[in-house]
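Enquirer: One structure follows; several queries about it will come next.
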Amino acid sequence: MFERLPVMLIKEFVQLRRDRWAMFRLIVPMIIQMFVFGYAATFTVSHVSTAILDLDQSQASRSLISHFVATSRFDVVDVARNQSGITRDIDRGTAVIAIVIHAGFGQRLENGQGAPLQVIVDGTNSNTALIALGYINQIVSQFSADQSSRASSFRASAAAPEIGISLQTYPWFNEGLDDRWFFIPGVIGTLTLIQVVSLTAFAIVREREAGTLEQIMVSPIRPVEFILGKTVPFFLIGLGDIALVTSIGILWFRIPFIGSPWVMLLGAALYLLAALSMGLLLSTFSQTQQQAFALNFFFVNPFYILSGFAFPIAAMPKLLQWFTFVNPLRYFLVVIRAVFLKGVGIKVLWPDLAAMALLALAMLTVSILRFRKSMD
Amino acid sequence: MSAGAPAVLAQGLTKRFKAFTAVDHLDLRIKKGEIIGFIGPNGAGKSTTIRMLCGLLHPSEGRAWVAGFDVDRQPEAVREHIGYMSQKFSLYGDLTVRENLLFFGGIYRVPRRDFNERMRFAVSMAGLEGRENALVRTLAGGWKQRLALGCAILHRPPILFLDEPTSGVEPEARRRFWDLIHELAAEQVTILVSTHYMDEAEYCNRIALIDRGKLIASGTPGELRARRLRGELFEISCTPLGAAVKVLTGTPGVVEAAIFGDKLHVVLGEGGISATDLPGYFGEHGIQAGPAHRVTPSLEDIFVQLVSGRRERRTLP
Amino acid sequence: MNVRRLFAMAYKETLQIWRDPRSLAIALLMPLMQLVLLGYGVSLDIRHVPLCVYDQENSQQSRAVVKSFVSSDWFSISRTIHNQTGIDYALNRDQCIAALVIPADFSRRLAATGTAPVQAVFDATDVNTTNIALGYAQGVVAQTNAQIADGWAATHGILPSLVGQVDLDPSTWFNETLDSKNFIIPGVVAVILALVGAELTSLTISREWERGTMEQLISTPVTATEVMLGKLIPYFAIGFIDAGFCLVSAVYWFGVPFRGNIGTLLITTGLFIVVVMGIGYLISVRIRSQLGASQIALVLTMLPTTLLSGYTFPIDQMPAPIRAITFVVYSRYYVTILRSVFLKGSGLSDLWAPLLGLSIYALIIIWLAARAFHKALD
C-alpha cells in the first residue's frame with residue numbers, strides 16, 4: 001500500500017544530501033541556542049543589588065548587615081549616607097533592594113521592644129521582588145533568632161520556648177531548587193518545536209512554489225505516500241536533534257536523567273509526530289513561502305509561551321488554560337520533565353502520551369484531507 | 001476504452017473562480033492519436049481547462065472524460081493514463097537527470113524490467129546522453145523542456161497534456177520539441193498541447209481556438225483557413241499604421257483591418273472598396289501607402305478576425 | 001536624495017501593502033492577538049496552589065491548620081490523601097504542587113511543648129513556583145503561629161520572647177502590588193513590535209528579487225537611500241499604529257500604570273521601530289531567497305527577543321558571557337525603557353544609557369542597510 005514511499009524517501013534524502021548547508025543549518029543553530037538559552041532561562045534570584053543606609057551604627061545594626069553580606073543572595077552595591085542617596089539608588093536602578101536601619105534600632109532590641117526595619121523594594125520585576133522579600137524574611141528571622149539566643153545566654157536565663165508550628169519543607173525531585181533542572185528540558189522541547197514546524201511547513205510550500213507539487217499531483221501517487229515521504233526525513237532529523245540537545249543537557253548542564261530512555265523515546269516520537277503534523281497543517285494554509293513564514297511566526301510564539309515552558313499554566317486565565325490542551329508542547333514538557341526528574345513511566349504518563357498521539361492524528365488527518373483540494 | 005471512443009471528451013466544462021469565469025461551457029472531443037493545439041491569448045482559459053482534464057481542479061459545472069474515466073469522480077484512474085507537463089518547468093533542480101527520471105519512474109511505478117530501456121529512451125530523446133549525472137538546474141532551457149517531456153512519458157501514457165511546453169524556449173529547440181511530439185503521435189499517443197505561438201498551431205492535426213473561456217473555433221489548420229475568413233486577405237505597407245486602421249474601421253467592404261508586424265492586413269469582402277483602390281483611399285486621408293498584395297491567411301489572421309468579431313458583437317446593442 | 005523619487009517609492013510600497021489585505025490584516029491584527037495571548041498567558045502570579053492534604057491526626061487543631069492554608073486564597077485543596085504512598089502518587093501525577101502532612105501527634109505535642117512540626121512536600125520541578133509557594137506557606141504558618149502564641153500566652157501566662165524581634169517594614173516601589181502583569185506587559189509590547197517589525201520588512205527586498213521587479217528598479221536612477229527610505233516609511237507607519245494599539249491596550253485594557261511622559265514614549269518607540277525595521281530590511285537585502293530571509297529573521301528575532309531581552313528572565317541573573325550577548329539584543333534597551341517610563345515615570349535624562357544603546361544601534365543598522373543595498377546593485 002506504500003509502494004511509492006521508498007521512491008519519495010530516496011528523493012528527499014538525495015536532495016538533503018545535495019544541500020551542502022543543510023546539515024549545518026539543522027544542527028549548529030540547535031547547539032548554539034541550547035547553550036545560550038540553557039544559561040539565559042532562569043528565574044533564580046541571587047546577587048540582588050542592595051543599598052544600605054545605617055543610621056544606627058550600633059553593634060546590632062552592623063550584625064544585621066553582616067547577615068546580608070554573608071549570603072550570596074544579596075550584593076551590597078552602595079552604602080548610602082542619607083535617605084536621598086537611597087532614593088536615588090532605587091530610582092536609577094542601581095539597587096533593587098534598599099535596607100534602612102533607623103537610629104535607635106539596636107537600643108530598642110536591647111530593651112526588648114520590637115525594632116522596625118525599613119526595606120524598600122523595586123517592584124518592577126515583581127517576581128524577583130517577591131522572592132527577594134522572602135529571602136529578606138528568612139535572613140531577618142535568622143538574625144532575630146541569633147539575637148535572642150545571644151541575649152538569653154548573656155542573661156543566663158532559660159530561653160523562652162518558640163511557640164507554634166515549625167514548618168519542615170521537603171522539595172522533591174529537585175532538592176537543590178536548581179531551576180536549570182526545570183528549564184533545560186523545556187528548552188529541548190521548545191527548540192525542537194520551532195525547528196520541526198518551520199522545516200515541515202516550508203518543505204511543502206517550496207514544492208508548491210517551484211511547480212514540482214503540481215507535477216506530483218497529476219501522478220497517481222496517493223496523498224498519504226506523498227505526505228509520509230515529506231515528513232519521515234524530518235521525523236528522523238527531529239529525533240537526531242532531540243538526542244543531540246538532550247545529551248548536551250545531561251552531559252554539559254548535568255541535569256539528572258533518572259527515567260527510562262525508552263519512555264523518553266516514545267514521548268519524543270509522539271511529540272515529533274504532532275509537531276510535524278502542525279507544520280503540515282500550516283503548509284496547507286499557505287500558497288507562498290511568505291504566508292508560511294507569517295503563519296509559522298505567529299503560531300509558534302504563542303505555542304511556546306502558552307506551554308508551561310516558563311509560565312505556569314495554573315497561573316493563566318481559564319480560557320488560555322483550555323487553549324493549552326491543543327498544544328503538543330504542553331504534553332511533551334510534562335513527559336520530558338517527568339522522565340528527567342521524576343523517573344516515572346508510562347503508567348503515569350499515558351494521558352499525556354495519548355494526548356500527543358491524538359493531536360498528531362487529528363492534525364495529520366485534516367492535512368491529508370486538505371492536501372488534494374489545495375489546488376482549487 | 002473501446003477503439004472508437006474519444007480519448008478526451010468534455011461537455012459543458014466550466015470553471016469559475018468567484019465572480020470570474022475562466023472556462024465557460026467548453027465542449028471538446030479528441031480522437032485517439034490526434035495532436036490537438038489549444039490556441040489563445042494569455043488568460044484565455046487554456047491552462048485551467050488542462051488542469052481540469054488532469055484532475056488538478058474540480059469543474060464548477062459540466063463533465064469530462066479522459067481515457068474513458070470521469071475526471072471529477074475517478075481522478076486516480078485518469079492519472080494512471082496521462083502524462084502532464086506544466087507551463088512552469090517542474091523537475092527538481094537539485095536532482096540529477098538520472099535521479100529525476102528514477103523518481104518519476106518510481107512514482108508511476110514503471111516496471112523494473114522496462115525501466116532501463118525507457119530511461120535510455122528518455123535521455124536520448126532529450127539529447128542528454130553522457131549528461132545523466134548533471135544537476136538539472138545546470139541545463140539550458142531546451143534540454144530542460146525535453147527532459148520534462150521525457151519524464152512525462154516514462155510510464156507510456158496514452159494521453160499527454162502539454163501546457164505551453166515551449167514558452168521561453170529558443171526557436172531551434174522549439175522545432176526539435178515539435179519533432180518529438182510528432183514521433184509520439186505516430187505511436188498513437190493522443191496529445192493536447194497549448195501554446196500562444198501561432199506558428200506552432202500549424203504543426204497540429206487539429207486546432208481549438210479559445211478566447212475568454214470559450215471555444216470559438218476548431219478544425220484542421222486548412223479547414224480554419226478556408227472556412228473562417230469572410231473575404232480575401234491583402235497585405236499593404238503604410239505609415240502611420242495606427243491611423244490607417246482607424247481610417248478603415250467602418251469603411252464599406254472592409255471586414256477586418258489589423259496591424260501585422262510592420263504592415264497592415266486587410267480583409268476585403270464582397271462589394272465596397274477594392275484592393276486596387278486602397279492606396280488612393282489612404283492618400284485621401286493623408287496616409288502614405290504602397291500597393292496591396294493578396295496573401296494566404298495565416299492562422300494568426302484567422303484568430304485576430306475571430307476574436308475581434310466576438311468583441312464587436314459584444315459591444316453592439 | 002530626490003523627494004519626488006522618494007515619494008514615488010513610498011507611494012508604490014503603500015499601494016502594494018494596501019492591495020495585499022491578507023498581509024495587512026496580519027500586520028494589524030496579529031499584534032493585538034499576540035498581546036491578548038501573551039498579556040494573559042505570561043503570568044507568574046500563581047494563586048490557589050493545588051495542595052494535597054494528609055492529615056494523620058484529624059483533630060480540631062489539625063483541621064484548623066488546614067483551614068488556615070485554604071482560607072489564605074493562596075492554596076486550594078486538590079486532594080485529601082490517607083497514606084504516605086498517596087503523596088508519591090499525587091506528586092508524580094501532577095495532581096498537586098504541594099502536599100501538607102500533619103503528624104498524628106500534632107496537637108498533643110503542641111499542647112505539651114508549645115511547638116510541633118508540620119511537613120510540607122513540594123514538587124520542586126518548577127523551581128520558581130516552588131519558591132513562591134514556599135513563601136506563601138511560610139506566611140500562612142507565621143499567621144497561624146501568631147494566633148497560637150496568643151493562645152499559649154493566655155493559658156500559660158508566659159509571653160514569648162520579644163528580645164531580638166525585628167519588625168520588617170517592607171515597602172514596594174513602582175509596582176506596589178507586585179503584580180507580575182505590570183512587569184510583563186511592557187515587555188510583551190516590545191517583543192511584539194520586534195517580531196512584527198522584522199516580519200514585515202524582512203521579505204520586502206527578497207520579494208522584489210523573486211518577482212524580478214528588482215532589475216527594473218535597479219535600472220532606474222533611484223538611489224539606495226531612496227529605496228531604503230521609500231520602503232521603510234510605509235512600514236514605519238504601520239509599526240507606529242501597532243505600537244499605538246499595544247501601548248493603549250496596555251494602559252486601558254490591562255491597567256498597567258503609566259507614570260511617564262507621552263513624548264518620551266513616542267520618541268523611544270520611534271527609535272525602536274527604526275532599529276527593528278532596519279534589521280528586517282538588512283536581512284532582506286542580504287539574503288535573496290525568501291526562505292533564507294525568513295529563517296534568519298526567525299533565528300535573529302523570536303528566541304533572542306523572548307529569552308535575552310530581560311522581558312521575563314532577568315538579565316542580571318545570567319552568566320557573564322550570556323549577559324554580554326544581551327547587549328547585542330536590541331530589544332533589551334527598549335524593554336528597559338518601556339518599564340521605566342511606565343512604572344517609574346522616567347524621563348529622557350534618566351534613560352540616557354539605554355537610549356544611547358538604542359541610538360547607536362539605529363545608526364549602525366541604517367548605515368549598514370544603506371550600504372548593503374548599494375552592493376546588491378552590482
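Residue numbering restarts at 1 in every chain; chains get A, B, ... in the order shown in the C-alpha cells, and ligands count up from 1 in that same order.
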Which neighbours of stretch 62-71 of chain B fall inside 8 Å, counting only C-alpha atoms, when residues of the same chain fewer than 3 positions from it are skipped, and could you give them as a PyMOL selection string?

Expert: chain B and resi 1+5-14+25+52-55+59+74-75+77-78+81+158-159

Enquirer: Please check the contacts: residues of chain C at most 6 Å away from chain A, using only C-alpha atoms, listed as a VMD selection string.

Expert: chain C and resid 41 to 46 114 to 127 135 145 148 to 149 161 to 175 178 180 183 313 318

Enquirer: When DSSP works through the backbone of this structure, what residues of stretch 167-257 of chain B end up as strand (DSSP E or B), shown as a count of residues only?

Expert: 30

Enquirer: Taking only C-alpha atoms into account, which of B:Thr166, B:Asn42, B:Ser124, B:Thr251 comes nearest B:Gly141?

Expert: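 Checking each candidate against B:Gly141, we get B:Thr166 as the closest.
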
Enquirer: For stretch 209-214 of chain A, list every protein, DNA or RNA residue within 9 Å, evaluated using only C-alpha atoms, and leave out those in the same chain fewer than 5 positions away; present the list as a VMD selection string.

Expert: (chain A and resid 204 219 287 to 289 375) or (chain B and resid 56 86 to 92)

Enquirer: Next, the residues of the selection above should be written as a JSON list (two decimals), in the first residue's frame with N, CA and C atoms.

Expert:
[["chain", "number", "residue", "atom", "x", "y", "z"],
["A", 204, "ILE", "N", 6.78, 21.73, 1.98],
["A", 204, "ILE", "CA", 5.71, 21.52, 1.02],
["A", 204, "ILE", "C", 5.43, 22.79, 0.23],
["A", 219, "SER", "N", 0.33, 12.83, -10.84],
["A", 219, "SER", "CA", 0.75, 11.43, -10.88],
["A", 219, "SER", "C", -0.19, 10.62, -9.98],
["A", 287, "GLN", "N", -0.04, 29.41, 0.37],
["A", 287, "GLN", "CA", 0.28, 29.23, -1.04],
["A", 287, "GLN", "C", 1.73, 29.62, -1.30],
["A", 288, "THR", "N", 2.24, 30.56, -0.51],
["A", 288, "THR", "CA", 3.60, 31.03, -0.76],
["A", 288, "THR", "C", 4.43, 30.87, 0.50],
["A", 289, "GLN", "N", 5.74, 30.91, 0.30],
["A", 289, "GLN", "CA", 6.64, 30.79, 1.44],
["A", 289, "GLN", "C", 6.42, 31.93, 2.41],
["A", 375, "MET", "N", -5.34, 22.62, -4.73],
["A", 375, "MET", "CA", -5.08, 23.34, -5.98],
["A", 375, "MET", "C", -6.20, 24.30, -6.33],
["B", 56, "LEU", "N", -6.63, 18.25, -11.62],
["B", 56, "LEU", "CA", -6.00, 19.15, -10.65],
["B", 56, "LEU", "C", -6.98, 20.17, -10.12],
["B", 86, "SER", "N", 3.68, 20.84, -17.04],
["B", 86, "SER", "CA", 3.06, 22.14, -16.74],
["B", 86, "SER", "C", 3.83, 23.26, -17.41],
["B", 87, "GLN", "N", 3.16, 24.38, -17.45],
["B", 87, "GLN", "CA", 3.67, 25.61, -18.01],
["B", 87, "GLN", "C", 5.03, 25.98, -17.42],
["B", 88, "LYS", "N", 5.09, 25.79, -16.10],
["B", 88, "LYS", "CA", 6.30, 26.16, -15.38],
["B", 88, "LYS", "C", 7.18, 24.91, -15.36],
["B", 89, "PHE", "N", 8.46, 25.08, -15.55],
["B", 89, "PHE", "CA", 9.34, 23.93, -15.51],
["B", 89, "PHE", "C", 9.26, 23.31, -14.13],
["B", 90, "SER", "N", 9.01, 22.00, -14.07],
["B", 90, "SER", "CA", 8.72, 21.45, -12.75],
["B", 90, "SER", "C", 9.43, 20.14, -12.46],
["B", 91, "LEU", "N", 10.70, 20.09, -12.81],
["B", 91, "LEU", "CA", 11.51, 18.97, -12.32],
["B", 91, "LEU", "C", 12.34, 19.49, -11.16],
["B", 92, "TYR", "N", 12.98, 18.58, -10.44],
["B", 92, "TYR", "CA", 13.77, 19.02, -9.29],
["B", 92, "TYR", "C", 15.14, 19.50, -9.74]]

Enquirer: From the list A:Val335, A:Ile216, A:Val69, A:Leu228, which residue is nearest A:Ser260 when using only C-alpha atoms?

Expert: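 For A:Ser260, the nearest of the candidates is A:Val335.
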
Enquirer: Identify all chain A residues at most 12 Å from chain B by counting only C-alpha atoms; ligands do not count. Present them as a ChimeraX atom specification.

Expert: /A:2-20,206-223,225-226,229,371-376

Enquirer: Can you pull out every residue from stretch 106-201 of chain B that DSSP, working from the backbone, puts in helix (DSSP H, G or I), and format the result as a JSON list (two decimals) with N, CA and C atoms, in the first residue's frame?

Expert:
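The file below, out-v6.json, is the result:
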[["chain", "number", "residue", "atom", "x", "y", "z"],
["B", 106, "GLY", "N", 9.56, 5.94, -10.47],
["B", 106, "GLY", "CA", 9.14, 5.30, -9.22],
["B", 106, "GLY", "C", 7.71, 5.64, -8.86],
["B", 107, "ILE", "N", 7.36, 6.92, -8.95],
["B", 107, "ILE", "CA", 6.01, 7.24, -8.51],
["B", 107, "ILE", "C", 4.96, 6.78, -9.53],
["B", 112, "ARG", "N", 10.20, -2.62, -13.29],
["B", 112, "ARG", "CA", 11.65, -2.61, -13.21],
["B", 112, "ARG", "C", 12.33, -3.06, -14.51],
["B", 113, "ARG", "N", 11.76, -4.12, -15.13],
["B", 113, "ARG", "CA", 12.46, -4.66, -16.31],
["B", 113, "ARG", "C", 12.41, -3.71, -17.49],
["B", 114, "ASP", "N", 11.38, -2.82, -17.50],
["B", 114, "ASP", "CA", 11.28, -1.87, -18.62],
["B", 114, "ASP", "C", 12.05, -0.59, -18.34],
["B", 115, "PHE", "N", 12.39, -0.40, -17.07],
["B", 115, "PHE", "CA", 12.80, 0.94, -16.69],
["B", 115, "PHE", "C", 14.06, 1.42, -17.40],
["B", 116, "ASN", "N", 15.10, 0.53, -17.43],
["B", 116, "ASN", "CA", 16.37, 0.97, -18.00],
["B", 116, "ASN", "C", 16.21, 1.39, -19.46],
["B", 117, "GLU", "N", 15.43, 0.57, -20.17],
["B", 117, "GLU", "CA", 15.25, 0.86, -21.60],
["B", 117, "GLU", "C", 14.52, 2.20, -21.78],
["B", 118, "ARG", "N", 13.50, 2.42, -20.94],
["B", 118, "ARG", "CA", 12.73, 3.66, -21.08],
["B", 118, "ARG", "C", 13.55, 4.88, -20.66],
["B", 119, "MET", "N", 14.39, 4.66, -19.66],
["B", 119, "MET", "CA", 15.20, 5.78, -19.23],
["B", 119, "MET", "C", 16.19, 6.14, -20.34],
["B", 120, "ARG", "N", 16.75, 5.11, -20.97],
["B", 120, "ARG", "CA", 17.69, 5.37, -22.06],
["B", 120, "ARG", "C", 16.98, 6.14, -23.18],
["B", 121, "PHE", "N", 15.74, 5.74, -23.42],
["B", 121, "PHE", "CA", 14.96, 6.41, -24.46],
["B", 121, "PHE", "C", 14.75, 7.88, -24.11],
["B", 122, "ALA", "N", 14.35, 8.11, -22.84],
["B", 122, "ALA", "CA", 14.07, 9.48, -22.42],
["B", 122, "ALA", "C", 15.33, 10.34, -22.50],
["B", 123, "VAL", "N", 16.45, 9.74, -22.09],
["B", 123, "VAL", "CA", 17.70, 10.50, -22.10],
["B", 123, "VAL", "C", 18.11, 10.82, -23.54],
["B", 124, "SER", "N", 17.97, 9.84, -24.43],
["B", 124, "SER", "CA", 18.41, 10.10, -25.80],
["B", 124, "SER", "C", 17.45, 11.07, -26.48],
["B", 125, "MET", "N", 16.16, 10.96, -26.14],
["B", 125, "MET", "CA", 15.18, 11.86, -26.70],
["B", 125, "MET", "C", 15.50, 13.31, -26.32],
["B", 136, "VAL", "N", 19.97, 19.07, -12.78],
["B", 136, "VAL", "CA", 19.02, 19.58, -13.76],
["B", 136, "VAL", "C", 19.04, 21.11, -13.83],
["B", 137, "ARG", "N", 19.31, 21.76, -12.70],
["B", 137, "ARG", "CA", 19.27, 23.23, -12.75],
["B", 137, "ARG", "C", 20.40, 23.82, -13.59],
["B", 138, "THR", "N", 21.42, 22.98, -13.91],
["B", 138, "THR", "CA", 22.51, 23.50, -14.73],
["B", 138, "THR", "C", 22.23, 23.38, -16.22],
["B", 141, "GLY", "N", 17.52, 25.83, -21.22],
["B", 141, "GLY", "CA", 16.06, 25.72, -21.34],
["B", 141, "GLY", "C", 15.55, 24.60, -22.22],
["B", 142, "GLY", "N", 16.09, 24.47, -23.43],
["B", 142, "GLY", "CA", 15.60, 23.47, -24.37],
["B", 142, "GLY", "C", 15.77, 22.05, -23.83],
["B", 143, "TRP", "N", 16.90, 21.79, -23.23],
["B", 143, "TRP", "CA", 17.15, 20.46, -22.67],
["B", 143, "TRP", "C", 16.19, 20.16, -21.52],
["B", 144, "LYS", "N", 15.99, 21.20, -20.69],
["B", 144, "LYS", "CA", 15.08, 21.02, -19.57],
["B", 144, "LYS", "C", 13.70, 20.63, -20.08],
["B", 145, "GLN", "N", 13.22, 21.33, -21.13],
["B", 145, "GLN", "CA", 11.89, 21.04, -21.64],
["B", 145, "GLN", "C", 11.80, 19.60, -22.14],
["B", 146, "ARG", "N", 12.82, 19.19, -22.89],
["B", 146, "ARG", "CA", 12.77, 17.84, -23.45],
["B", 146, "ARG", "C", 12.88, 16.79, -22.36],
["B", 147, "LEU", "N", 13.64, 17.12, -21.31],
["B", 147, "LEU", "CA", 13.74, 16.18, -20.20],
["B", 147, "LEU", "C", 12.39, 16.08, -19.47],
["B", 148, "ALA", "N", 11.72, 17.23, -19.32],
["B", 148, "ALA", "CA", 10.42, 17.22, -18.66],
["B", 148, "ALA", "C", 9.45, 16.36, -19.48],
["B", 149, "LEU", "N", 9.52, 16.48, -20.81],
["B", 149, "LEU", "CA", 8.68, 15.64, -21.66],
["B", 149, "LEU", "C", 9.04, 14.17, -21.45],
["B", 150, "GLY", "N", 10.36, 13.91, -21.38],
["B", 150, "GLY", "CA", 10.82, 12.54, -21.14],
["B", 150, "GLY", "C", 10.24, 11.98, -19.85],
["B", 151, "CYS", "N", 10.20, 12.80, -18.81],
["B", 151, "CYS", "CA", 9.65, 12.35, -17.54],
["B", 151, "CYS", "C", 8.16, 12.08, -17.67],
["B", 152, "ALA", "N", 7.50, 12.94, -18.44],
["B", 152, "ALA", "CA", 6.05, 12.83, -18.54],
["B", 152, "ALA", "C", 5.63, 11.58, -19.32],
["B", 171, "PRO", "N", 13.89, 29.24, -30.74],
["B", 171, "PRO", "CA", 13.19, 28.65, -31.89],
["B", 171, "PRO", "C", 13.74, 27.29, -32.31],
["B", 172, "GLU", "N", 15.05, 27.15, -32.34],
["B", 172, "GLU", "CA", 15.65, 25.89, -32.78],
["B", 172, "GLU", "C", 15.19, 24.74, -31.89],
["B", 173, "ALA", "N", 15.24, 25.00, -30.56],
["B", 173, "ALA", "CA", 14.82, 23.97, -29.60],
["B", 173, "ALA", "C", 13.34, 23.70, -29.73],
["B", 174, "ARG", "N", 12.57, 24.74, -30.06],
["B", 174, "ARG", "CA", 11.14, 24.54, -30.23],
["B", 174, "ARG", "C", 10.87, 23.59, -31.39],
["B", 175, "ARG", "N", 11.59, 23.74, -32.50],
["B", 175, "ARG", "CA", 11.41, 22.85, -33.65],
["B", 175, "ARG", "C", 11.68, 21.41, -33.25],
["B", 176, "ARG", "N", 12.79, 21.21, -32.57],
["B", 176, "ARG", "CA", 13.15, 19.84, -32.16],
["B", 176, "ARG", "C", 12.08, 19.25, -31.25],
["B", 177, "PHE", "N", 11.52, 20.12, -30.39],
["B", 177, "PHE", "CA", 10.50, 19.66, -29.47],
["B", 177, "PHE", "C", 9.27, 19.16, -30.26],
["B", 178, "TRP", "N", 8.90, 19.92, -31.28],
["B", 178, "TRP", "CA", 7.73, 19.51, -32.08],
["B", 178, "TRP", "C", 7.99, 18.23, -32.86],
["B", 179, "ASP", "N", 9.22, 18.03, -33.28],
["B", 179, "ASP", "CA", 9.55, 16.76, -33.94],
["B", 179, "ASP", "C", 9.26, 15.59, -32.99],
["B", 180, "LEU", "N", 9.63, 15.80, -31.73],
["B", 180, "LEU", "CA", 9.40, 14.74, -30.74],
["B", 180, "LEU", "C", 7.91, 14.46, -30.60],
["B", 181, "ILE", "N", 7.12, 15.54, -30.57],
["B", 181, "ILE", "CA", 5.69, 15.37, -30.39],
["B", 181, "ILE", "C", 5.12, 14.55, -31.56],
["B", 182, "HIS", "N", 5.61, 14.85, -32.76],
["B", 182, "HIS", "CA", 5.11, 14.08, -33.91],
["B", 182, "HIS", "C", 5.51, 12.62, -33.84],
["B", 183, "GLU", "N", 6.73, 12.36, -33.34],
["B", 183, "GLU", "CA", 7.16, 10.96, -33.19],
["B", 183, "GLU", "C", 6.23, 10.23, -32.23],
["B", 184, "LEU", "N", 5.84, 10.93, -31.16],
["B", 184, "LEU", "CA", 4.95, 10.30, -30.18],
["B", 184, "LEU", "C", 3.59, 10.04, -30.78],
["B", 185, "ALA", "N", 3.10, 11.01, -31.54],
["B", 185, "ALA", "CA", 1.77, 10.86, -32.13],
["B", 185, "ALA", "C", 1.75, 9.68, -33.10],
["B", 186, "ALA", "N", 2.88, 9.47, -33.75],
["B", 186, "ALA", "CA", 2.97, 8.35, -34.68],
["B", 186, "ALA", "C", 2.78, 7.02, -33.94],
["B", 198, "MET", "N", 1.44, 31.29, -32.54],
["B", 198, "MET", "CA", 0.54, 30.93, -33.62],
["B", 198, "MET", "C", 1.21, 30.01, -34.63],
["B", 199, "ASP", "N", 2.51, 30.21, -34.85],
["B", 199, "ASP", "CA", 3.17, 29.38, -35.88],
["B", 199, "ASP", "C", 3.18, 27.92, -35.47],
["B", 200, "GLU", "N", 3.14, 27.64, -34.18],
["B", 200, "GLU", "CA", 3.16, 26.25, -33.74],
["B", 200, "GLU", "C", 1.85, 25.55, -34.06],
["B", 201, "ALA", "N", 0.79, 26.34, -34.21],
["B", 201, "ALA", "CA", -0.51, 25.76, -34.50],
["B", 201, "ALA", "C", -0.46, 24.94, -35.78]]

Enquirer: Of the candidates A:His102, A:Leu364, A:Phe68, A:Gly240, which shows the shortest atom-to-atom distance to A:Asp54, using only C-alpha atoms?

Expert: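 Answer, going by the shortest atom-to-atom distance: A:His102.
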